[in-house]
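Enquirer: Here you go, one structure.
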Amino acid sequence: MVIQPAREHGSRQPNCLEPGKRTFHTLIPAMRCKNDEPYLCYGTMGGEGQPQTQAAMVTRLVDFDYDVQQAIETPRWLMGPTWGTDARDLSLEGRIDDDVVEELAERGQPTTVLDDWDDNMGHAQAIRIDPETGYLEGGADPRGDGSAQGF
């Protein structure tokens with residue numbers, strides 16, 4: 001993060017850090033607890049698509065019991081604009097099954113199929129903590145340049 005001075009050349013910068021100000025950012029880290037103990041730490045980046053990726057990721061981890069890396073790597077979808085685009089349709093990564101794309105079209109849903117691993121879908125990372133063993137399971141998004149490492 002770049003910290004800008006509150007005043008530069010006598011004028012206020014709109015996104016400067018100063019007391020009582022809520023600067024713009026799109027970071028949405030999250031922590032899920034199980035039995036009042038941290039169980040899952042996860043986060044995404046990707047503009048307006050972040051809440052969609054967050055929801056999809058936690059659903060895969062909690063409801064479908066994906067492992068962390070699998071939840072991150074599963075093909076993504078995004079409804080509407082992100083990263084400054086003016087898209088109003090449903091964007092789908094190219095790895096989503098053709099039958100799904102065809103069914104959406106038959107139902108009248110405008111779609112755009114993107115690359116198999118599209119950077120516009122944002123990036124995600126997560127750590128899941130096994131409450132019985134304390135084992136940490138980490139994952140990082142191949143759409144970005146991060147990695148999950150343990151020592």
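Simple scheme: letters A, B, ... for chains in structure tokens order, numbers from 1 for residues in each chain, numbers from 1 for ligands in the order shown.
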Enumerate the residues of chain A with a DSSP assignment of helix (DSSP H, G or I), computed from the backbone, and present them as a PyMOL selection string.

Expert: chain A and resi 47-62+68-73+98-106+119-121

Enquirer: Give the strand (DSSP E or B) residues of range 15-116 of chain A, as assigned by DSSP on the backbone, as a count of residues only.

Expert: 23

Enquirer: If you measure from CA of Ile28 in chain A to CA of Met121 in chain A, what distance in Å do you get, rounded to one decimal?

Expert: 14.9 Å

Enquirer: List every residue of range 6-92 of chain A that has an atom at most 8 Å from any atom of range 107-113 of chain A, giving for each one its closest atom pair and the distance in Å to one decimal, counting only C-alpha atoms, sorted by chain and then by ascending residue number, as JSON lines.

Expert:
```
{"residue": "A:Asp89", "atom": "CA", "partner": "A:Pro110", "partner_atom": "CA", "distance": 5.2}
{"residue": "A:Leu90", "atom": "CA", "partner": "A:Thr111", "partner_atom": "CA", "distance": 4.6}
{"residue": "A:Ser91", "atom": "CA", "partner": "A:Thr112", "partner_atom": "CA", "distance": 4.8}
{"residue": "A:Leu92", "atom": "CA", "partner": "A:Val113", "partner_atom": "CA", "distance": 4.9}
```

Enquirer: One decimal, Å: what's the distance from CA of Asp99 in chain A over to CA of Gln125 in chain A, could you say?

Expert: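 Taking CA of Asp99 in chain A and CA of Gln125 in chain A, their separation equals 28.9 Å.
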
Enquirer: Could you tell me how far CA of Asp63 in chain A sits from CA of Asp118 in chain A, in Å to one decimal place?

Expert: 24.9 Å

Enquirer: Using only C-alpha atoms, can you tell me which of A:Ile96, A:Val68, A:Ala124, A:Val62 comes closest to Arg32 in chain A?

Expert: A:Val62

Enquirer: Rank A:Glu103, A:Asp141, A:Asp119, A:Asp130 by their smallest atom-to-atom distance to Cys33 in chain A, using only C-alpha atoms, and report the top residue only.

Expert: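 Nearest candidate to Cys33 in chain A out of A:Glu103, A:Asp141, A:Asp119, A:Asp130: A:Asp130.
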
Enquirer: Which residues are near range 34-41 of chain A? Cut-off 8 Å, only C-alpha atoms, ignore same chain within fewer than 2 positions. Put them as a PyMOL selection string.

Expert: chain A and resi 29-32+43+126-131

Enquirer: Store the residues picked out above, limited to C-alpha atoms, as a compact mmCIF listing (two decimals), in the first residue's frame.

Expert:
```
# COMPACT_ATOMS: atom_id res chain seq x y z
CA PRO A 29 -10.16 -10.87 4.22
CA ALA A 30 -12.42 -13.15 6.22
CA MET A 31 -12.21 -15.58 9.11
CA ARG A 32 -14.71 -18.34 9.80
CA GLY A 43 -9.53 -13.70 1.13
CA ALA A 126 -6.94 -19.55 2.11
CA ILE A 127 -5.76 -21.41 5.18
CA ARG A 128 -7.95 -24.02 6.87
CA ILE A 129 -7.11 -25.16 10.39
CA ASP A 130 -7.93 -28.71 11.45
CA PRO A 131 -9.40 -28.23 14.95
```

Enquirer: Pick from A:Trp117, A:His123, A:Gly47, A:Gly146: nearest to Ile72 in chain A, with only C-alpha atoms counted?

Expert: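 Smallest separation from Ile72 in chain A among the options: A:His123.
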